[in-house]
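target-v5.pdb follows (PDB, C-alpha atoms, pLDDT in the B column):
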ATOM      1  CA  LEU Z1452      25.751  13.570  24.057  1.00 49.00           C
ATOM      2  CA  ALA Z1453      29.543  13.852  23.924  1.00 58.00           C
ATOM      3  CA  ASP Z1454      29.721  11.829  20.696  1.00 71.00           C
ATOM      4  CA  TRP Z1455      27.129  13.981  18.901  1.00 72.00           C
ATOM      5  CA  ARG Z1456      27.465  17.309  17.149  1.00 76.00           C
ATOM      6  CA  GLY Z1457      24.819  19.648  15.798  1.00 80.00           C
ATOM      7  CA  ASP Z1458      21.743  20.925  17.612  1.00 81.00           C
ATOM      8  CA  VAL Z1459      22.722  19.140  20.830  1.00 82.00           C
ATOM      9  CA  ASP Z1460      20.807  21.614  23.011  1.00 83.00           C
ATOM     10  CA  ALA Z1461      17.570  20.776  21.150  1.00 84.00           C
ATOM     11  CA  PHE Z1462      17.662  17.211  22.512  1.00 83.00           C
ATOM     12  CA  GLU Z1463      17.059  16.070  26.068  1.00 84.00           C
ATOM     13  CA  VAL Z1464      18.521  12.702  27.054  1.00 77.00           C
ATOM     14  CA  ALA Z1465      17.234  10.592  29.942  1.00 78.00           C
ATOM     15  CA  GLN Z1466      17.731   6.851  30.517  1.00 76.00           C
ATOM     16  CA  GLY Z1467      19.044   6.297  26.989  1.00 72.00           C
ATOM     17  CA  VAL Z1468      16.161   8.067  25.223  1.00 79.00           C
ATOM     18  CA  ALA Z1469      16.718  11.332  23.334  1.00 80.00           C
ATOM     19  CA  THR Z1470      13.695  13.627  22.991  1.00 86.00           C
ATOM     20  CA  VAL Z1471      13.721  16.608  20.622  1.00 89.00           C
ATOM     21  CA  ALA Z1472      12.377  20.082  21.382  1.00 87.00           C
ATOM     22  CA  SER Z1473       9.400  21.398  19.383  1.00 84.00           C
ATOM     23  CA  GLU Z1474      11.657  23.556  17.183  1.00 89.00           C
ATOM     24  CA  GLY Z1475      13.286  20.406  15.807  1.00 90.00           C
ATOM     25  CA  GLY Z1476      16.963  19.694  15.398  1.00 87.00           C
ATOM     26  CA  ARG Z1477      19.651  17.673  13.704  1.00 86.00           C
ATOM     27  CA  LEU Z1478      22.447  15.590  15.192  1.00 83.00           C
ATOM     28  CA  THR Z1479      25.428  13.835  13.648  1.00 83.00           C
ATOM     29  CA  TRP Z1480      27.107  10.930  15.413  1.00 79.00           C
ATOM     30  CA  ARG Z1481      30.859  11.504  15.488  1.00 70.00           C
ATOM     31  CA  GLY Z1482      31.730   8.203  17.123  1.00 68.00           C
ATOM     32  CA  GLU Z1483      30.844   5.780  14.323  1.00 70.00           C
ATOM     33  CA  SER Z1484      31.085   5.467  10.574  1.00 76.00           C
ATOM     34  CA  PHE Z1485      28.720   3.621   8.265  1.00 83.00           C
ATOM     35  CA  SER Z1486      29.214   2.741   4.624  1.00 80.00           C
ATOM     36  CA  ASP Z1487      27.535  -0.660   4.452  1.00 81.00           C
ATOM     37  CA  GLY Z1488      25.851  -3.160   6.740  1.00 85.00           C
ATOM     38  CA  GLU Z1489      22.764  -2.360   8.785  1.00 89.00           C
ATOM     39  CA  LEU Z1490      21.584   0.771  10.597  1.00 87.00           C
ATOM     40  CA  LEU Z1491      18.633   0.328  12.964  1.00 87.00           C
ATOM     41  CA  SER Z1492      16.787   2.712  15.264  1.00 88.00           C
ATOM     42  CA  HIS Z1493      13.594   2.893  17.326  1.00 87.00           C
ATOM     43  CA  LEU Z1494      11.669   6.122  16.845  1.00 89.00           C
ATOM     44  CA  TRP Z1495       8.673   7.291  18.868  1.00 88.00           C
ATOM     45  CA  LEU Z1496       7.036   9.834  16.530  1.00 89.00           C
ATOM     46  CA  SER Z1497       3.601  11.085  17.558  1.00 85.00           C
ATOM     47  CA  ALA Z1498       3.555  14.244  15.410  1.00 87.00           C
ATOM     48  CA  GLY Z1499       5.427  15.735  12.460  1.00 90.00           C
ATOM     49  CA  GLN Z1500       8.287  14.379  10.379  1.00 94.00           C
ATOM     50  CA  ALA Z1501      11.628  12.986  11.514  1.00 93.00           C
ATOM     51  CA  GLY Z1502      14.069  10.224  10.735  1.00 93.00           C
ATOM     52  CA  LEU Z1503      17.579   8.945  10.203  1.00 93.00           C
ATOM     53  CA  LEU Z1504      20.531  10.272   8.217  1.00 92.00           C
ATOM     54  CA  TYR Z1505      23.426   8.191   6.884  1.00 92.00           C
ATOM     55  CA  GLY Z1506      26.201   8.329   4.319  1.00 91.00           C
ATOM     56  CA  MET Z1507      26.660  11.994   5.181  1.00 88.00           C
ATOM     57  CA  ASN Z1508      29.783  14.019   4.540  1.00 82.00           C
ATOM     58  CA  GLU Z1509      31.617  15.853   7.318  1.00 75.00           C
ATOM     59  CA  GLU Z1510      29.592  19.037   6.779  1.00 72.00           C
ATOM     60  CA  SER Z1511      26.353  17.013   7.246  1.00 67.00           C
ATOM     61  CA  THR Z1512      24.801  18.653   4.190  1.00 76.00           C
ATOM     62  CA  SER Z1513      24.912  15.671   1.832  1.00 88.00           C
ATOM     63  CA  GLY Z1514      23.969  12.020   2.270  1.00 92.00           C
ATOM     64  CA  PHE Z1515      20.864   9.834   2.560  1.00 95.00           C
ATOM     65  CA  GLN Z1516      17.741  10.602   4.590  1.00 95.00           C
ATOM     66  CA  ILE Z1517      15.014   8.235   5.789  1.00 96.00           C
ATOM     67  CA  GLN Z1518      12.012  10.416   6.596  1.00 96.00           C
ATOM     68  CA  VAL Z1519       9.071   9.095   8.593  1.00 94.00           C
ATOM     69  CA  ASP Z1520       5.720  10.903   8.538  1.00 93.00           C
ATOM     70  CA  GLY Z1521       3.528   9.431  11.258  1.00 84.00           C
ATOM     71  CA  ALA Z1522       0.373  11.310  10.243  1.00 85.00           C
ATOM     72  CA  ALA Z1523       0.581  10.301   6.572  1.00 89.00           C
ATOM     73  CA  MET Z1524       1.815   6.796   7.533  1.00 89.00           C
ATOM     74  CA  SER Z1525       4.581   7.099   4.952  1.00 94.00           C
ATOM     75  CA  ILE Z1526       8.329   6.655   4.738  1.00 96.00           C
ATOM     76  CA  GLU Z1527      10.706   8.106   2.126  1.00 97.00           C
ATOM     77  CA  LEU Z1528      14.347   7.556   1.252  1.00 98.00           C
ATOM     78  CA  SER Z1529      15.982  10.651  -0.242  1.00 97.00           C
ATOM     79  CA  LYS Z1530      19.433  11.717  -1.323  1.00 96.00           C
ATOM     80  CA  LEU Z1531      20.609  15.119  -0.093  1.00 93.00           C
ATOM     81  CA  GLU Z1532      23.245  16.729  -2.267  1.00 90.00           C
ATOM     82  CA  GLU Z1533      24.446  20.332  -2.504  1.00 83.00           C
ATOM     83  CA  GLY Z1534      21.256  21.733  -0.971  1.00 83.00           C
ATOM     84  CA  THR Z1535      18.860  19.631  -3.029  1.00 92.00           C
ATOM     85  CA  ARG Z1536      16.701  16.687  -1.957  1.00 93.00           C
ATOM     86  CA  ARG Z1537      15.889  13.932  -4.445  1.00 95.00           C
ATOM     87  CA  VAL Z1538      13.381  11.244  -3.421  1.00 97.00           C
ATOM     88  CA  LEU Z1539      14.741   7.784  -4.302  1.00 97.00           C
ATOM     89  CA  GLY Z1540      11.790   5.742  -3.048  1.00 97.00           C
ATOM     90  CA  LYS Z1541       8.582   5.849  -1.014  1.00 97.00           C
ATOM     91  CA  GLY Z1542       6.787   3.298   1.108  1.00 95.00           C
ATOM     92  CA  ALA Z1543       3.961   2.876   3.595  1.00 90.00           C
ATOM     93  CA  LEU Z1544       4.392   2.572   7.338  1.00 88.00           C
ATOM     94  CA  LEU Z1545       2.980  -0.388   9.173  1.00 82.00           C
ATOM     95  CA  THR Z1546       0.618   0.346  12.048  1.00 82.00           C
ATOM     96  CA  PRO Z1547       3.054   1.436  14.753  1.00 76.00           C
ATOM     97  CA  ILE Z1548       3.693  -0.565  17.908  1.00 75.00           C
ATOM     98  CA  LEU Z1549       2.306   1.048  21.074  1.00 74.00           C
ATOM     99  CA  GLY Z1550       0.691   3.866  19.109  1.00 74.00           C
ATOM    100  CA  HIS Z1551       3.731   5.690  17.700  1.00 83.00           C
ATOM    101  CA  TRP Z1552       6.745   3.339  18.078  1.00 84.00           C
ATOM    102  CA  HIS Z1553       8.543   2.592  14.795  1.00 88.00           C
ATOM    103  CA  ARG Z1554      11.547   0.313  14.311  1.00 88.00           C
ATOM    104  CA  ILE Z1555      13.252   1.692  11.209  1.00 92.00           C
ATOM    105  CA  GLY Z1556      16.235   0.035   9.561  1.00 92.00           C
ATOM    106  CA  VAL Z1557      18.315   0.216   6.420  1.00 94.00           C
ATOM    107  CA  ARG Z1558      20.692  -2.422   5.117  1.00 94.00           C
ATOM    108  CA  VAL Z1559      23.159  -1.308   2.451  1.00 94.00           C
ATOM    109  CA  GLU Z1560      25.073  -3.863   0.395  1.00 93.00           C
ATOM    110  CA  GLU Z1561      26.833  -3.174  -2.912  1.00 92.00           C
ATOM    111  CA  GLY Z1562      24.820  -0.005  -3.507  1.00 93.00           C
ATOM    112  CA  ILE Z1563      21.414  -1.554  -2.722  1.00 95.00           C
ATOM    113  CA  HIS Z1564      19.550   0.260   0.080  1.00 96.00           C
ATOM    114  CA  ARG Z1565      16.845  -1.851   1.741  1.00 96.00           C
ATOM    115  CA  VAL Z1566      14.701   0.201   4.127  1.00 96.00           C
ATOM    116  CA  THR Z1567      12.606  -1.805   6.566  1.00 94.00           C
ATOM    117  CA  VAL Z1568       9.834  -1.053   9.034  1.00 91.00           C
ATOM    118  CA  ARG Z1569       9.699  -3.599  11.889  1.00 88.00           C
ATOM    119  CA  GLY Z1570      11.811  -5.913   9.750  1.00 88.00           C
ATOM    120  CA  GLN Z1571       9.435  -5.803   6.766  1.00 91.00           C
ATOM    121  CA  PRO Z1572      10.599  -4.339   3.413  1.00 94.00           C
ATOM    122  CA  ALA Z1573       9.359  -0.797   2.737  1.00 95.00           C
ATOM    123  CA  ILE Z1574      11.763   0.640   0.095  1.00 97.00           C
ATOM    124  CA  VAL Z1575      14.492  -0.901  -2.074  1.00 97.00           C
ATOM    125  CA  VAL Z1576      16.659   1.335  -4.295  1.00 97.00           C
ATOM    126  CA  PHE Z1577      20.098   1.276  -5.880  1.00 97.00           C
ATOM    127  CA  ASP Z1578      22.581   4.116  -5.384  1.00 95.00           C
ATOM    128  CA  ASN Z1579      26.267   3.314  -5.003  1.00 92.00           C
ATOM    129  CA  GLU Z1580      27.517   6.916  -4.828  1.00 90.00           C
ATOM    130  CA  TRP Z1581      28.485   7.509  -1.203  1.00 86.00           C
ATOM    131  CA  LEU Z1582      29.125  11.050  -0.034  1.00 85.00           C
ATOM    132  CA  GLY Z1583      30.439  10.240   3.444  1.00 87.00           C
ATOM    133  CA  ASP Z1584      30.183   7.841   6.361  1.00 88.00           C
ATOM    134  CA  ARG Z1585      28.493   9.878   9.108  1.00 88.00           C
ATOM    135  CA  VAL Z1586      25.249   8.822  10.812  1.00 89.00           C
ATOM    136  CA  GLY Z1587      22.649  11.086  12.369  1.00 87.00           C
ATOM    137  CA  LEU Z1588      19.035  11.879  13.031  1.00 88.00           C
ATOM    138  CA  PHE Z1589      16.749  14.828  12.429  1.00 91.00           C
ATOM    139  CA  ALA Z1590      13.372  16.193  13.467  1.00 92.00           C
ATOM    140  CA  GLU Z1591      11.485  18.859  11.543  1.00 93.00           C
ATOM    141  CA  PRO Z1592      10.020  21.766  13.559  1.00 93.00           C
ATOM    142  CA  GLY Z1593       6.847  20.613  15.295  1.00 90.00           C
ATOM    143  CA  ALA Z1594       7.935  16.971  15.421  1.00 89.00           C
ATOM    144  CA  ASP Z1595       7.303  15.087  18.639  1.00 88.00           C
ATOM    145  CA  LEU Z1596      10.195  12.619  18.485  1.00 87.00           C
ATOM    146  CA  SER Z1597      11.983  10.368  20.932  1.00 86.00           C
ATOM    147  CA  VAL Z1598      14.800   8.026  19.860  1.00 85.00           C
ATOM    148  CA  SER Z1599      15.940   5.109  21.993  1.00 78.00           C
ATOM    149  CA  ASP Z1600      18.933   3.778  20.082  1.00 70.00           C
ATOM    150  CA  ILE Z1601      20.917   3.732  16.892  1.00 76.00           C
ATOM    151  CA  LEU Z1602      22.568   0.380  16.207  1.00 80.00           C
ATOM    152  CA  LEU Z1603      25.124  -0.361  13.501  1.00 82.00           C
ATOM    153  CA  SER Z1604      26.162  -3.831  12.383  1.00 81.00           C
ATOM    154  CA  GLU Z1605      27.956  -5.418   9.469  1.00 70.00           C
TER     155      GLU Z1605
END

I need this file expressed as structure tokens, please.
Amino acid sequence: LADWRGDVDAFEVAQGVATVASEGGRLTWRGESFSDGELLSHLWLSAGQAGLLYGMNEESTSGFQIQVDGAAMSIELSKLEEGTRRVLGKGALLTPILGHWHRIGVRVEEGIHRVTVRGQPAIVVFDNEWLGDRVGLFAEPGADLSVSDILLSE
């Protein structure tokens, strides 16, 4: 976890899979930047709410958030700015692979954010105001989350 900052102690890493503690947590990836292209991750979420963060500023308080709710079978894309959260779009989750395994992606080109679930479109919105280039992940308290990878490509 050398390239991560935030609630590092809340995550346990073994064989490339990060698992969050029940009190939740938030991590920011210091090693990479992301302002367009594709961000992809595999999330095992059997309880609660969790997801990906991108376009964040250095303080990790502003940016975009993809929130997955496994119980409600929903996915939301929100913009976090100065302590507020504004929902930009909502979608439905596909039936997860292997019970709780979700492949979540977002492709950003010229201000268009295309959120996918297992490669299928879930949310498409336009917002070309970028607040930063940090990438991260989060888990709300009570979330049972494991994350196997975060891949960035152009």

Inset, instruction - Could you tell me which residues the PyMOL selection byres ((chain Z and resi 1488) around 12) grabs in this file, written as a ChimeraX atom specification? - result: /Z:1484-1487,1489-1491,1505-1506,1556-1566,1584,1602-1605

Legend entry - For Asp1520 of chain Z, the nearest of the candidates Z:Asn1508, Z:Ala1594, Z:Lys1541, Z:Gln1500, counting all atoms listed in the file: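 For Asp1520 of chain Z, the nearest of the given residues is Z:Gln1500.
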
Legend entry - Contacts of segment 1462-1478 of chain Z within 6 Å, all atoms listed in the file, excl. fewer than 2 positions in-chain, as a PyMOL selection string: chain Z and resi 1456-1460+1587-1593+1596-1599

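The interatomic distance for the pair atom CA of Glu1533 of chain Z and atom CA of Gly1502 of chain Z works out to 19.6 Å.
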
Legend entry - Long-range neighbours of Val1519 of chain Z as a list in words, 8 Å cut-off, only C-alpha atoms, 4 positions minimum in chain: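 That gives Gln1500, Ala1501, Gly1502, Met1524, Ser1525, Ile1526 and Glu1527 of chain Z.
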
Inset, instruction - Using the chain letters and numbering of this document, enumerate as number ranges by chain the residues selected by the PyMOL selection byres ((chain Z and resi 1497) around 7). - result: Z: 1495-1496, 1498, 1521, 1551, 1595-1596

Inset, instruction - Rank nothing, just name the residue among Z:Lys1530, Z:Arg1537, Z:His1493, Z:Arg1481 nearest to Asn1579 of chain Z, using only C-alpha atoms. - result: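 Among the listed residues, Z:Lys1530 lies closest to Asn1579 of chain Z.
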